[in-house]
file query.txt (compact mmCIF, C-alpha atoms and all ligand atoms)
# COMPACT_ATOMS: atom_id res chain seq x y z
CA MET O 65 0.00 0.00 0.00
CA LEU O 66 2.75 2.47 1.05
CA GLY O 67 4.72 1.31 -1.97
CA GLN O 68 1.81 2.19 -4.28
CA VAL O 69 1.52 5.67 -2.70
CA LEU O 70 5.26 6.26 -3.19
CA LEU O 71 5.12 5.07 -6.79
CA ALA O 72 2.23 7.48 -7.40
CA ALA O 73 4.25 10.24 -5.71
CA SER O 74 7.19 9.49 -8.02
CA GLY O 75 5.10 10.99 -10.84
CA SER O 76 3.87 14.06 -8.93
CA ARG O 77 5.49 17.43 -9.64
CA LEU O 78 4.24 18.85 -6.35
CA VAL O 79 5.75 16.07 -4.23
CA ARG O 80 8.92 16.23 -6.32
CA ARG O 81 9.37 19.92 -5.43
CA ALA O 82 8.70 19.30 -1.73
CA VAL O 83 11.03 16.27 -1.45
CA SER O 84 13.83 17.65 -3.66
CA GLY O 85 13.83 21.02 -1.93
CA PHE O 86 14.22 19.61 1.57
CA PRO O 87 17.88 20.04 2.57
CA LEU O 88 18.20 16.79 4.53
CA THR O 89 16.84 14.71 1.64
CA ARG O 90 20.31 14.82 0.07
CA LYS O 91 21.79 12.84 2.94
CA VAL O 92 19.44 9.93 2.26
CA VAL O 93 19.73 10.17 -1.51
CA ASP O 94 23.50 9.67 -1.17
CA ARG O 95 22.87 6.14 -0.01
CA PHE O 96 21.41 5.22 -3.41
CA VAL O 97 23.05 7.72 -5.79
CA ALA O 98 26.83 7.83 -6.38
CA GLY O 99 27.05 11.61 -6.80
CA GLU O 100 26.03 14.33 -9.21
CA SER O 101 29.21 14.75 -11.26
CA VAL O 102 31.49 12.57 -13.41
CA PRO O 103 34.46 12.81 -10.96
CA GLU O 104 32.18 11.64 -8.13
CA VAL O 105 30.85 8.65 -10.06
CA ARG O 106 34.38 7.84 -11.28
CA ASP O 107 35.55 7.62 -7.66
CA ALA O 108 32.59 5.41 -6.77
CA ILE O 109 33.38 3.09 -9.70
CA LEU O 110 37.01 2.79 -8.60
CA ARG O 111 35.93 1.96 -5.04
CA LEU O 112 33.59 -0.75 -6.33
CA ARG O 113 36.25 -2.16 -8.64
CA ALA O 114 38.67 -2.34 -5.71
CA ALA O 115 36.05 -4.48 -3.93
CA GLY O 116 35.96 -6.85 -6.92
CA LEU O 117 32.65 -5.58 -8.33
CA SER O 118 31.74 -4.64 -11.91
CA VAL O 119 29.43 -1.71 -12.67
CA THR O 120 26.72 -0.53 -15.00
CA VAL O 121 26.43 3.25 -14.80
CA ASP O 122 23.15 5.11 -15.19
CA HIS O 123 23.07 8.82 -15.92
CA LEU O 124 19.91 9.70 -14.02
CA GLY O 125 17.00 11.08 -16.00
CA GLU O 126 13.55 9.97 -17.02
CA GLU O 127 11.13 10.70 -19.81
CA THR O 128 11.72 13.84 -21.81
CA ARG O 129 9.76 15.22 -24.74
CA ASP O 130 12.38 17.86 -25.37
CA ALA O 131 14.83 17.11 -28.20
CA GLY O 132 17.51 19.29 -26.60
CA ALA O 133 17.28 17.44 -23.28
CA ALA O 134 17.44 14.08 -25.09
CA ALA O 135 20.59 15.15 -26.94
CA ALA O 136 22.10 16.46 -23.68
CA THR O 137 21.55 13.07 -22.01
CA ALA O 138 23.27 11.25 -24.88
CA LYS O 139 26.16 13.75 -24.66
CA ALA O 140 26.46 13.16 -20.91
CA TYR O 141 26.80 9.39 -21.47
CA ILE O 142 29.42 9.91 -24.16
CA ALA O 143 31.39 12.32 -21.94
CA LEU O 144 31.23 9.79 -19.09
CA LEU O 145 32.47 6.95 -21.31
CA GLU O 146 35.30 9.14 -22.64
CA GLU O 147 36.30 9.99 -19.08
CA LEU O 148 36.34 6.28 -18.18
CA ARG O 149 38.28 5.23 -21.31
CA PRO O 150 41.83 5.72 -19.90
CA LEU O 151 40.90 3.44 -16.97
CA ARG O 152 40.63 0.51 -19.43
CA LEU O 153 37.90 -1.21 -17.46
CA GLY O 154 36.45 -2.99 -20.52
CA THR O 155 33.28 -4.96 -19.81
CA ALA O 156 33.69 -4.31 -16.06
CA ALA O 157 32.18 -0.85 -16.63
CA GLU O 158 29.17 -0.76 -18.91
CA VAL O 159 26.30 1.74 -18.99
CA SER O 160 22.53 1.44 -18.56
CA VAL O 161 20.28 3.70 -20.61
CA LYS O 162 16.63 4.67 -20.20
CA LEU O 163 15.39 5.24 -23.74
CA SER O 164 12.74 7.68 -22.51
CA ALA O 165 15.58 9.98 -21.42
CA VAL O 166 16.95 10.07 -24.98
CA GLY O 167 13.64 10.94 -26.62
CA GLN O 168 11.69 7.66 -27.03
CA ALA O 169 8.35 9.35 -26.24
CA LEU O 170 9.02 12.05 -28.80
CA ASP O 171 10.40 10.05 -31.68
CA GLU O 172 11.57 6.42 -31.64
CA GLY O 173 14.07 7.12 -34.43
CA MET O 174 15.68 9.88 -32.36
CA ALA O 175 16.03 7.56 -29.35
CA LEU O 176 17.58 4.91 -31.60
CA GLU O 177 20.13 7.39 -32.97
CA HIS O 178 21.10 8.61 -29.51
CA ALA O 179 21.33 5.04 -28.21
CA ARG O 180 23.52 4.18 -31.20
CA GLU O 181 25.91 7.03 -30.36
CA ILE O 182 26.13 5.78 -26.78
CA CYS O 183 26.75 2.20 -27.98
CA ALA O 184 29.60 3.47 -30.19
CA ALA O 185 31.22 5.25 -27.23
CA ALA O 186 30.80 2.13 -25.06
CA ALA O 187 32.27 -0.09 -27.81
CA ALA O 188 35.31 2.21 -27.97
CA ASN O 189 35.87 1.30 -24.29
CA GLY O 190 35.53 -2.43 -25.08
CA SER O 191 32.22 -2.29 -23.24
CA ALA O 192 28.49 -2.31 -23.93
CA VAL O 193 25.09 -0.81 -23.17
CA THR O 194 22.08 -2.36 -21.44
CA LEU O 195 18.67 -0.82 -22.09
CA ASP O 196 16.61 -0.35 -18.94
CA MET O 197 12.94 -1.28 -19.21
CA GLU O 198 10.36 1.32 -18.22
CA ASP O 199 6.56 1.24 -18.05
CA HIS O 200 4.72 -1.41 -20.08
CA THR O 201 3.69 0.97 -22.86
CA THR O 202 7.36 1.24 -23.90
CA VAL O 203 8.27 -2.45 -24.11
CA ASP O 204 7.57 -3.03 -27.82
CA SER O 205 9.44 0.12 -28.80
CA THR O 206 12.40 -0.76 -26.54
CA LEU O 207 12.65 -4.26 -28.03
CA ARG O 208 12.49 -2.80 -31.58
CA ILE O 209 15.33 -0.42 -30.75
CA LEU O 210 17.27 -3.31 -29.16
CA ARG O 211 16.97 -5.34 -32.37
CA GLU O 212 18.29 -2.43 -34.44
CA LEU O 213 21.19 -1.74 -32.07
CA ARG O 214 22.22 -5.39 -31.95
CA ARG O 215 22.84 -5.42 -35.73
CA GLU O 216 25.89 -3.22 -35.15
CA TYR O 217 26.48 -3.74 -31.41
CA PRO O 218 25.48 -7.36 -30.72
CA SER O 219 26.37 -7.22 -27.04
CA THR O 220 23.68 -4.63 -26.30
CA GLY O 221 21.53 -5.99 -23.48
CA VAL O 222 18.02 -5.33 -22.22
CA ALA O 223 16.11 -5.54 -18.94
CA ILE O 224 13.00 -7.73 -18.84
CA GLN O 225 10.47 -7.27 -16.03
CA ALA O 226 9.17 -10.56 -14.63
CA TYR O 227 5.93 -8.93 -13.38
CA LEU O 228 4.59 -8.41 -16.92
CA PHE O 229 2.44 -11.26 -18.27
CA ARG O 230 4.22 -11.01 -21.62
CA SER O 231 7.73 -11.49 -20.23
CA GLU O 232 7.98 -15.27 -20.49
CA ASP O 233 7.42 -14.94 -24.24
CA ASP O 234 9.93 -12.10 -24.43
CA CYS O 235 12.49 -14.23 -22.55
CA ARG O 236 11.92 -17.09 -24.98
CA ALA O 237 12.49 -14.76 -27.93
CA LEU O 238 15.65 -13.36 -26.32
CA ALA O 239 17.23 -16.59 -25.05
CA HIS O 240 19.48 -16.93 -28.08
CA GLU O 241 23.24 -16.99 -28.57
CA GLY O 242 24.95 -13.71 -27.69
CA SER O 243 21.85 -12.17 -26.11
CA ARG O 244 22.29 -10.39 -22.76
CA VAL O 245 19.11 -10.21 -20.68
CA ARG O 246 18.85 -8.58 -17.27
CA LEU O 247 15.93 -10.14 -15.42
CA VAL O 248 14.28 -7.84 -12.83
CA LYS O 249 11.03 -8.08 -10.89
CA GLY O 250 9.81 -4.70 -12.20
CA ALA O 251 9.63 -1.33 -10.47
CA TYR O 252 6.71 0.59 -12.03
CA ARG O 253 3.04 0.81 -11.05
CA GLU O 254 1.33 -1.41 -13.61
CA PRO O 255 -2.36 -2.29 -14.01
CA ALA O 256 -3.71 -5.78 -13.28
CA SER O 257 -4.52 -6.15 -16.98
CA VAL O 258 -0.82 -6.42 -17.87
CA ALA O 259 1.10 -7.40 -14.73
CA HIS O 260 1.07 -9.73 -11.74
CA GLN O 261 0.18 -7.74 -8.63
CA SER O 262 1.10 -9.92 -5.64
CA ARG O 263 4.68 -10.45 -4.50
CA ALA O 264 4.20 -14.23 -4.61
CA ALA O 265 2.95 -14.15 -8.21
CA VAL O 266 5.82 -11.88 -9.27
CA ASP O 267 8.38 -14.18 -7.61
CA LYS O 268 6.92 -17.25 -9.35
CA ALA O 269 6.96 -15.43 -12.68
CA TYR O 270 10.60 -14.48 -12.02
CA VAL O 271 11.50 -18.15 -11.58
CA ARG O 272 9.69 -19.12 -14.80
CA CYS O 273 11.55 -16.42 -16.74
CA LEU O 274 14.84 -17.33 -15.11
CA ARG O 275 14.43 -20.97 -16.08
CA ILE O 276 13.89 -19.97 -19.72
CA LEU O 277 16.99 -17.76 -19.70
CA MET O 278 19.20 -20.28 -17.89
CA ALA O 279 18.08 -23.07 -20.25
CA GLY O 280 18.68 -20.85 -23.29
CA LYS O 281 21.87 -19.86 -25.07
CA GLY O 282 22.15 -16.23 -24.00
CA TYR O 283 23.83 -14.58 -21.03
CA PRO O 284 21.42 -14.14 -18.08
CA MET O 285 21.97 -11.17 -15.77
CA VAL O 286 20.16 -12.03 -12.56
CA ALA O 287 19.22 -8.64 -11.11
CA THR O 288 17.72 -9.12 -7.67
CA HIS O 289 18.56 -8.73 -3.97
CA ASP O 290 16.21 -11.57 -3.09
CA ASP O 291 18.14 -14.43 -1.43
CA ARG O 292 15.54 -17.00 -2.38
CA LEU O 293 15.82 -16.12 -6.06
CA ILE O 294 19.61 -16.07 -5.86
CA SER O 295 19.55 -19.63 -4.44
CA ILE O 296 17.14 -20.75 -7.16
CA SER O 297 19.35 -19.22 -9.83
CA GLU O 298 22.28 -21.26 -8.49
CA LEU O 299 20.22 -24.46 -8.77
CA LEU O 300 19.09 -23.59 -12.28
CA ALA O 301 22.63 -22.69 -13.39
CA ASP O 302 23.75 -26.11 -12.13
CA ARG O 303 20.88 -27.89 -13.82
CA TYR O 304 21.62 -26.28 -17.18
CA GLY O 305 25.39 -26.76 -16.93
CA ARG O 306 26.31 -23.10 -16.62
CA SER O 307 29.56 -22.21 -14.92
CA ARG O 308 30.19 -18.92 -13.11
CA GLY O 309 31.24 -16.95 -16.18
CA ASP O 310 28.06 -17.93 -18.04
CA TYR O 311 25.75 -15.62 -16.06
CA GLU O 312 26.10 -12.77 -13.59
CA TYR O 313 24.40 -11.13 -10.64
CA GLN O 314 23.38 -7.51 -10.55
CA MET O 315 22.33 -5.34 -7.61
CA LEU O 316 21.69 -1.67 -6.98
CA TYR O 317 24.23 0.77 -5.55
CA GLY O 318 23.75 1.02 -1.79
CA VAL O 319 21.49 -2.02 -1.52
CA ARG O 320 22.82 -5.17 0.22
CA THR O 321 26.46 -4.22 -0.25
CA ASP O 322 27.57 -7.09 2.01
CA ARG O 323 25.76 -9.59 -0.23
CA GLN O 324 27.32 -8.07 -3.35
CA GLU O 325 30.80 -8.50 -1.92
CA ALA O 326 30.11 -12.02 -0.62
CA LEU O 327 28.93 -13.21 -4.05
CA ALA O 328 31.94 -11.60 -5.73
CA GLY O 329 34.20 -13.21 -3.12
CA ALA O 330 32.70 -16.58 -4.03
CA GLY O 331 33.83 -16.09 -7.63
CA HIS O 332 30.67 -14.69 -9.23
CA THR O 333 30.57 -11.71 -11.52
CA VAL O 334 28.56 -9.12 -9.61
CA ARG O 335 27.63 -5.89 -11.35
CA VAL O 336 26.42 -2.90 -9.37
CA TYR O 337 23.95 -0.52 -10.99
CA VAL O 338 25.46 2.89 -10.23
CA PRO O 339 23.21 5.91 -10.78
CA TYR O 340 24.62 9.42 -10.81
CA GLY O 341 23.44 12.89 -11.78
CA ASP O 342 21.12 15.53 -10.39
CA ASP O 343 17.81 14.15 -11.71
CA TRP O 344 17.53 11.54 -8.96
CA TYR O 345 13.92 12.03 -7.85
CA GLY O 346 12.09 9.25 -9.79
CA TYR O 347 14.85 6.72 -9.13
CA PHE O 348 14.95 7.58 -5.43
CA MET O 349 11.17 7.28 -4.98
CA ARG O 350 11.15 3.82 -6.63
CA ARG O 351 13.84 2.66 -4.17
CA LEU O 352 11.73 3.92 -1.24
CA ALA O 353 8.67 2.18 -2.67
CA GLU O 354 10.50 -1.16 -2.78
CA ARG O 355 11.10 -1.33 0.92
CA PRO O 356 9.18 0.24 3.82
CA ALA O 357 12.35 0.14 5.94
CA ASN O 358 13.89 2.68 3.53
CA VAL O 359 11.06 5.08 4.29
CA ALA O 360 11.75 4.72 8.02
CA PHE O 361 15.44 5.40 7.30
CA PHE O 362 14.42 8.47 5.29
CA LEU O 363 12.11 9.78 8.03
CA ARG O 364 14.75 9.20 10.71
CA ALA O 365 17.28 11.15 8.65
CA LEU O 366 14.77 13.97 8.14
CA GLY O 367 14.27 14.00 11.90
CA GLY O 368 18.04 14.36 12.24
CA LYS O 369 18.49 11.03 14.03
P1 LIG O 401 12.53 -7.50 -3.42
O1 LIG O 401 12.03 -6.11 -3.65
O2 LIG O 401 11.56 -8.54 -3.03
O3 LIG O 401 13.69 -7.42 -2.37
C1 LIG O 401 14.32 -8.55 -1.79
C2 LIG O 401 15.16 -8.06 -0.62
O4 LIG O 401 16.21 -7.21 -1.10
C3 LIG O 401 14.39 -7.19 0.37
O5 LIG O 401 13.76 -7.94 1.33
C4 LIG O 401 15.50 -6.31 0.91
O6 LIG O 401 16.23 -7.04 1.89
C5 LIG O 401 16.38 -6.09 -0.26
N1 LIG O 401 16.00 -4.87 -1.03
C6 LIG O 401 15.35 -4.81 -2.21
N2 LIG O 401 15.21 -3.52 -2.62
C7 LIG O 401 15.76 -2.77 -1.67
C8 LIG O 401 15.94 -1.37 -1.52
N3 LIG O 401 15.50 -0.49 -2.42
N4 LIG O 401 16.57 -0.94 -0.40
C9 LIG O 401 17.02 -1.81 0.52
N5 LIG O 401 16.88 -3.15 0.44
C10 LIG O 401 16.27 -3.62 -0.64
N6 LIG O 401 13.27 -2.32 -12.67
C11 LIG O 401 12.65 -1.98 -13.81
O7 LIG O 401 11.42 -1.91 -13.86
N7 LIG O 401 13.38 -1.73 -14.95
C12 LIG O 401 14.74 -1.83 -14.98
O8 LIG O 401 15.36 -1.61 -16.02
C13 LIG O 401 15.41 -2.18 -13.76
N8 LIG O 401 16.77 -2.28 -13.71
C14 LIG O 401 17.36 -2.81 -12.59
C15 LIG O 401 18.72 -3.08 -12.59
C16 LIG O 401 19.30 -3.72 -11.50
C17 LIG O 401 20.76 -4.05 -11.54
C18 LIG O 401 18.51 -4.07 -10.38
C19 LIG O 401 19.10 -4.80 -9.21
C20 LIG O 401 17.17 -3.75 -10.35
C21 LIG O 401 16.58 -3.11 -11.43
N9 LIG O 401 15.23 -2.79 -11.43
C22 LIG O 401 14.62 -2.42 -12.61
C23 LIG O 401 14.46 -2.80 -10.15
C24 LIG O 401 13.72 -4.11 -9.94
O9 LIG O 401 12.64 -4.21 -10.83
C25 LIG O 401 13.20 -4.22 -8.49
O10 LIG O 401 12.30 -3.18 -8.26
C26 LIG O 401 14.27 -4.17 -7.42
O11 LIG O 401 15.41 -4.88 -7.81
C27 LIG O 401 13.75 -4.81 -6.11
O12 LIG O 401 13.42 -6.14 -6.33
P2 LIG O 401 14.24 -7.40 -5.76
O13 LIG O 401 14.34 -8.38 -6.87
O14 LIG O 401 15.51 -6.97 -5.19
O15 LIG O 401 13.28 -8.06 -4.71
call {"tool": "encode", "arguments": {"input": "query.txt", "output": "structure tokens", "more": "lines below"}}
Ligand code: FDA
result
Amino acid sequence: MLGQVLLAASGSRLVRRAVSGFPLTRKVVDRFVAGESVPEVRDAILRLRAAGLSVTVDHLGEETRDAGAAAATAKAYIALLEELRPLRLGTAAEVSVKLSAVGQALDEGMALEHAREICAAAAANGSAVTLDMEDHTTVDSTLRILRELRREYPSTGVAIQAYLFRSEDDCRALAHEGSRVRLVKGAYREPASVAHQSRAAVDKAYVRCLRILMAGKGYPMVATHDDRLISISELLADRYGRSRGDYEYQMLYGVRTDRQEALAGAGHTVRVYVPYGDDWYGYFMRRLAERPANVAFFLRALGGK
């Protein structure tokens, strides 16, 4: 219930102004966001690398219908990748892109072009791009753009949200050689006509999707902090003869850091999703919505405790 209210608030301009303007908010945001500038995110990446973790970096920003803002987001990604190039991190530092932030809602062709420019910059680093998945109305367009990008940049990946009824079919279509699929539960408020609503149903759907990906020929990216699903993914990897380099785990910056390091210590590839930038509001509200304890943490910080 609280989660639904927070997800609704993530789309409200009024709440955005109130939350963003509150000075102590910043303190809590820092737990989930690696900074506002490229030097700050660069330092965070180096800290994570020193702990044996890989990263996928997200320049924060959500839907824009402004061509200038879309171009600016693409430029920011390219500048980030150029800044990271001398570090020679290769596939250990990829980027995650929200197509809505590079103009998908305005013009699919524009989003494709911007995504292509970002893929080229990532490829110059020996790395790749993963497309985030947003609300259900964008899935077909995102998968069309993915198909186009993969012609030139075959290691481009995509996130698939287990909560959508359609996702098992999408996983089947994507479980082919060379395909990188990040499986997530799903973080948006979706209607019952398109998505499972209960936690139990979402978890079961996650396992069904995971089985398809693990049995397939692609590279599954198991993006969850849920211990039960991590254990199931180990069993499935075993069953389908996958060794540790044949799939990876992904978790969010600031969430279950101990677990991230333990999995990496056990020889798994663990990639941390590292968001940075000043447009953190929507991302931050989705993280609060996922876990009531985060709201308590937020309120305690606001109370100065
Ligand atoms: P669940 O929410 O059930 O959490 C399991 C446990 O993990 C909790 O009990 C808690 O201990 C811990 N936990 C989870 N979230 C926490 C938080 N915010 N703070 C503290 N503890 C927390 N979604 C989407 O729709 N499109 C996308 O492209 C992506 N991309 C993406 C990339 C990566 C790398 C990750 C890890 C996640 C996403 N997501 C996403 C978000 C995803 O859909 C989902 O909302 C979150 O991962 C939370 O779901 P869990 O699978 O962790 O399970």
call {"tool": "closest_residue", "arguments": {"input": "query.txt", "among": "O:Leu207, O:Met174, O:Gln225, O:Leu151", "to": "Asn189 in chain O", "atoms": "all atoms listed in the file"}}
result
O:Leu151
call {"tool": "residues_around", "arguments": {"input": "query.txt", "residues": "range 168-170 of chain O", "least_positions_apart": "5", "cutoff": "7 Å", "atoms": "all atoms listed in the file", "output": "ChimeraX atom specification"}}
result
/O:129,163,175
call {"tool": "residues_near_ligand", "arguments": {"input": "query.txt", "ligand": "ligand LIG 401 (chain O)", "cutoff": "9 Å", "atoms": "only C-alpha atoms and all ligand atoms", "output": "PDB file with C-alpha atoms, keeping the file's coordinate frame"}}
result
ATOM      1  CA  PHE O  96      21.410   5.220  -3.410  1.00  0.00           C
ATOM      2  CA  THR O 120      26.720  -0.530 -15.000  1.00  0.00           C
ATOM      3  CA  SER O 160      22.530   1.440 -18.560  1.00  0.00           C
ATOM      4  CA  VAL O 161      20.280   3.700 -20.610  1.00  0.00           C
ATOM      5  CA  LYS O 162      16.630   4.670 -20.200  1.00  0.00           C
ATOM      6  CA  THR O 194      22.080  -2.360 -21.440  1.00  0.00           C
ATOM      7  CA  LEU O 195      18.670  -0.820 -22.090  1.00  0.00           C
ATOM      8  CA  ASP O 196      16.610  -0.350 -18.940  1.00  0.00           C
ATOM      9  CA  MET O 197      12.940  -1.280 -19.210  1.00  0.00           C
ATOM     10  CA  GLU O 198      10.360   1.320 -18.220  1.00  0.00           C
ATOM     11  CA  ASP O 199       6.560   1.240 -18.050  1.00  0.00           C
ATOM     12  CA  VAL O 222      18.020  -5.330 -22.220  1.00  0.00           C
ATOM     13  CA  ALA O 223      16.110  -5.540 -18.940  1.00  0.00           C
ATOM     14  CA  ILE O 224      13.000  -7.730 -18.840  1.00  0.00           C
ATOM     15  CA  GLN O 225      10.470  -7.270 -16.030  1.00  0.00           C
ATOM     16  CA  ALA O 226       9.170 -10.560 -14.630  1.00  0.00           C
ATOM     17  CA  TYR O 227       5.930  -8.930 -13.380  1.00  0.00           C
ATOM     18  CA  ARG O 246      18.850  -8.580 -17.270  1.00  0.00           C
ATOM     19  CA  LEU O 247      15.930 -10.140 -15.420  1.00  0.00           C
ATOM     20  CA  VAL O 248      14.280  -7.840 -12.830  1.00  0.00           C
ATOM     21  CA  LYS O 249      11.030  -8.080 -10.890  1.00  0.00           C
ATOM     22  CA  GLY O 250       9.810  -4.700 -12.200  1.00  0.00           C
ATOM     23  CA  ALA O 251       9.630  -1.330 -10.470  1.00  0.00           C
ATOM     24  CA  TYR O 252       6.710   0.590 -12.030  1.00  0.00           C
ATOM     25  CA  ARG O 263       4.680 -10.450  -4.500  1.00  0.00           C
ATOM     26  CA  ASP O 267       8.380 -14.180  -7.610  1.00  0.00           C
ATOM     27  CA  TYR O 270      10.600 -14.480 -12.020  1.00  0.00           C
ATOM     28  CA  MET O 285      21.970 -11.170 -15.770  1.00  0.00           C
ATOM     29  CA  VAL O 286      20.160 -12.030 -12.560  1.00  0.00           C
ATOM     30  CA  ALA O 287      19.220  -8.640 -11.110  1.00  0.00           C
ATOM     31  CA  THR O 288      17.720  -9.120  -7.670  1.00  0.00           C
ATOM     32  CA  HIS O 289      18.560  -8.730  -3.970  1.00  0.00           C
ATOM     33  CA  ASP O 290      16.210 -11.570  -3.090  1.00  0.00           C
ATOM     34  CA  ASP O 291      18.140 -14.430  -1.430  1.00  0.00           C
ATOM     35  CA  ARG O 292      15.540 -17.000  -2.380  1.00  0.00           C
ATOM     36  CA  LEU O 293      15.820 -16.120  -6.060  1.00  0.00           C
ATOM     37  CA  TYR O 313      24.400 -11.130 -10.640  1.00  0.00           C
ATOM     38  CA  GLN O 314      23.380  -7.510 -10.550  1.00  0.00           C
ATOM     39  CA  MET O 315      22.330  -5.340  -7.610  1.00  0.00           C
ATOM     40  CA  LEU O 316      21.690  -1.670  -6.980  1.00  0.00           C
ATOM     41  CA  TYR O 317      24.230   0.770  -5.550  1.00  0.00           C
ATOM     42  CA  GLY O 318      23.750   1.020  -1.790  1.00  0.00           C
ATOM     43  CA  VAL O 319      21.490  -2.020  -1.520  1.00  0.00           C
ATOM     44  CA  ARG O 320      22.820  -5.170   0.220  1.00  0.00           C
ATOM     45  CA  ARG O 335      27.630  -5.890 -11.350  1.00  0.00           C
ATOM     46  CA  VAL O 336      26.420  -2.900  -9.370  1.00  0.00           C
ATOM     47  CA  TYR O 337      23.950  -0.520 -10.990  1.00  0.00           C
ATOM     48  CA  VAL O 338      25.460   2.890 -10.230  1.00  0.00           C
ATOM     49  CA  PHE O 348      14.950   7.580  -5.430  1.00  0.00           C
ATOM     50  CA  ARG O 350      11.150   3.820  -6.630  1.00  0.00           C
ATOM     51  CA  ARG O 351      13.840   2.660  -4.170  1.00  0.00           C
ATOM     52  CA  LEU O 352      11.730   3.920  -1.240  1.00  0.00           C
ATOM     53  CA  ALA O 353       8.670   2.180  -2.670  1.00  0.00           C
ATOM     54  CA  GLU O 354      10.500  -1.160  -2.780  1.00  0.00           C
ATOM     55  CA  ARG O 355      11.100  -1.330   0.920  1.00  0.00           C
ATOM     56  CA  PRO O 356       9.180   0.240   3.820  1.00  0.00           C
ATOM     57  CA  ALA O 357      12.350   0.140   5.940  1.00  0.00           C
ATOM     58  CA  ASN O 358      13.890   2.680   3.530  1.00  0.00           C
TER      59      ASN O 358
END
call {"tool": "atom_distance", "arguments": {"input": "query.txt", "atom1": "CA of Tyr311 in chain O", "atom2": "CA of Glu232 in chain O"}}
result
18.3 Å
call {"tool": "atom_distance", "arguments": {"input": "query.txt", "atom1": "CA of Ala188 in chain O", "atom2": "CA of Leu110 in chain O"}}
result
19.5 Å
call {"tool": "residues_around", "arguments": {"input": "query.txt", "residues": "Tyr304 in chain O", "least_positions_apart": "2", "cutoff": "8 Å", "atoms": "only C-alpha atoms", "output": "list in words"}}
result
Met278, Ala279, Leu300, Ala301, Asp302 and Arg306 of chain O
call {"tool": "residues_around", "arguments": {"input": "query.txt", "residues": "range 275-277 of chain O", "least_positions_apart": "5", "cutoff": "8 Å", "atoms": "all atoms listed in the file", "output": "NGL selection string"}}
result
:O and (232 or 235-236 or 239 or 245 or 282-284 or 300)
call {"tool": "residues_near_point", "arguments": {"input": "query.txt", "point": "(16.1, -12.2, -30.1)", "cutoff": "12 Å", "atoms": "all atoms listed in the file", "output": "PyMOL selection string"}}
result
chain O and resi 207-215+218-222+233-245+277+280-282
call {"tool": "atom_distance", "arguments": {"input": "query.txt", "atom1": "CA of Ala98 in chain O", "atom2": "CA of Gly341 in chain O"}}
result
8.1 Å
call {"tool": "axis_aligned_box", "arguments": {"input": "query.txt", "around": "range 195-211 of chain O", "padding_each_side": "3 Å", "output": "lines of an AutoDock Vina configuration file"}}
result
center_x = 11.2
center_y = -2.0
center_z = -25.2
size_x = 21.0
size_y = 12.7
size_z = 20.3
call {"tool": "residues_around", "arguments": {"input": "query.txt", "residues": "Thr128 in chain O", "least_positions_apart": "5", "cutoff": "7 Å", "atoms": "only C-alpha atoms", "output": "list of chain:residue names"}}
result
O:Ala133, O:Ala134, O:Ser164, O:Ala165, O:Gly167
call {"tool": "residues_around", "arguments": {"input": "query.txt", "residues": "Gly116 in chain O", "least_positions_apart": "3", "cutoff": "10 Å", "atoms": "all atoms listed in the file", "output": "PDB file with C-alpha atoms, in the coordinates of the input"}}
result
ATOM      1  CA  LEU O 110      37.010   2.790  -8.600  1.00  0.00           C
ATOM      2  CA  ARG O 111      35.930   1.960  -5.040  1.00  0.00           C
ATOM      3  CA  LEU O 112      33.590  -0.750  -6.330  1.00  0.00           C
ATOM      4  CA  ARG O 113      36.250  -2.160  -8.640  1.00  0.00           C
ATOM      5  CA  ALA O 156      33.690  -4.310 -16.060  1.00  0.00           C
ATOM      6  CA  GLN O 324      27.320  -8.070  -3.350  1.00  0.00           C
ATOM      7  CA  GLU O 325      30.800  -8.500  -1.920  1.00  0.00           C
ATOM      8  CA  LEU O 327      28.930 -13.210  -4.050  1.00  0.00           C
ATOM      9  CA  ALA O 328      31.940 -11.600  -5.730  1.00  0.00           C
ATOM     10  CA  GLY O 329      34.200 -13.210  -3.120  1.00  0.00           C
ATOM     11  CA  GLY O 331      33.830 -16.090  -7.630  1.00  0.00           C
ATOM     12  CA  HIS O 332      30.670 -14.690  -9.230  1.00  0.00           C
ATOM     13  CA  THR O 333      30.570 -11.710 -11.520  1.00  0.00           C
ATOM     14  CA  VAL O 334      28.560  -9.120  -9.610  1.00  0.00           C
ATOM     15  CA  ARG O 335      27.630  -5.890 -11.350  1.00  0.00           C
TER      16      ARG O 335
END
call {"tool": "closest_residue", "arguments": {"input": "query.txt", "among": "O:Leu124, O:Ala186, O:Leu71, O:Leu117", "to": "Asp343 in chain O", "atoms": "all atoms listed in the file"}}
result
O:Leu124
call {"tool": "closest_residue", "arguments": {"input": "query.txt", "among": "O:Glu216, O:Glu181, O:Asp322, O:Asp204", "to": "Lys139 in chain O", "atoms": "only C-alpha atoms"}}
result
O:Glu181
call {"tool": "closest_residue", "arguments": {"input": "query.txt", "among": "O:Leu299, O:Val119, O:Ala135, O:Ala326", "to": "Ser191 in chain O", "atoms": "all atoms listed in the file"}}
result
O:Val119
call {"tool": "closest_residue", "arguments": {"input": "query.txt", "among": "O:Leu153, O:Val121, O:Leu228, O:Val271", "to": "Ser257 in chain O", "atoms": "all atoms listed in the file"}}
result
O:Leu228
call {"tool": "closest_residue", "arguments": {"input": "query.txt", "among": "O:Arg323, O:Arg106, O:Arg180, O:His123", "to": "Glu147 in chain O", "atoms": "all atoms listed in the file"}}
result
O:Arg106
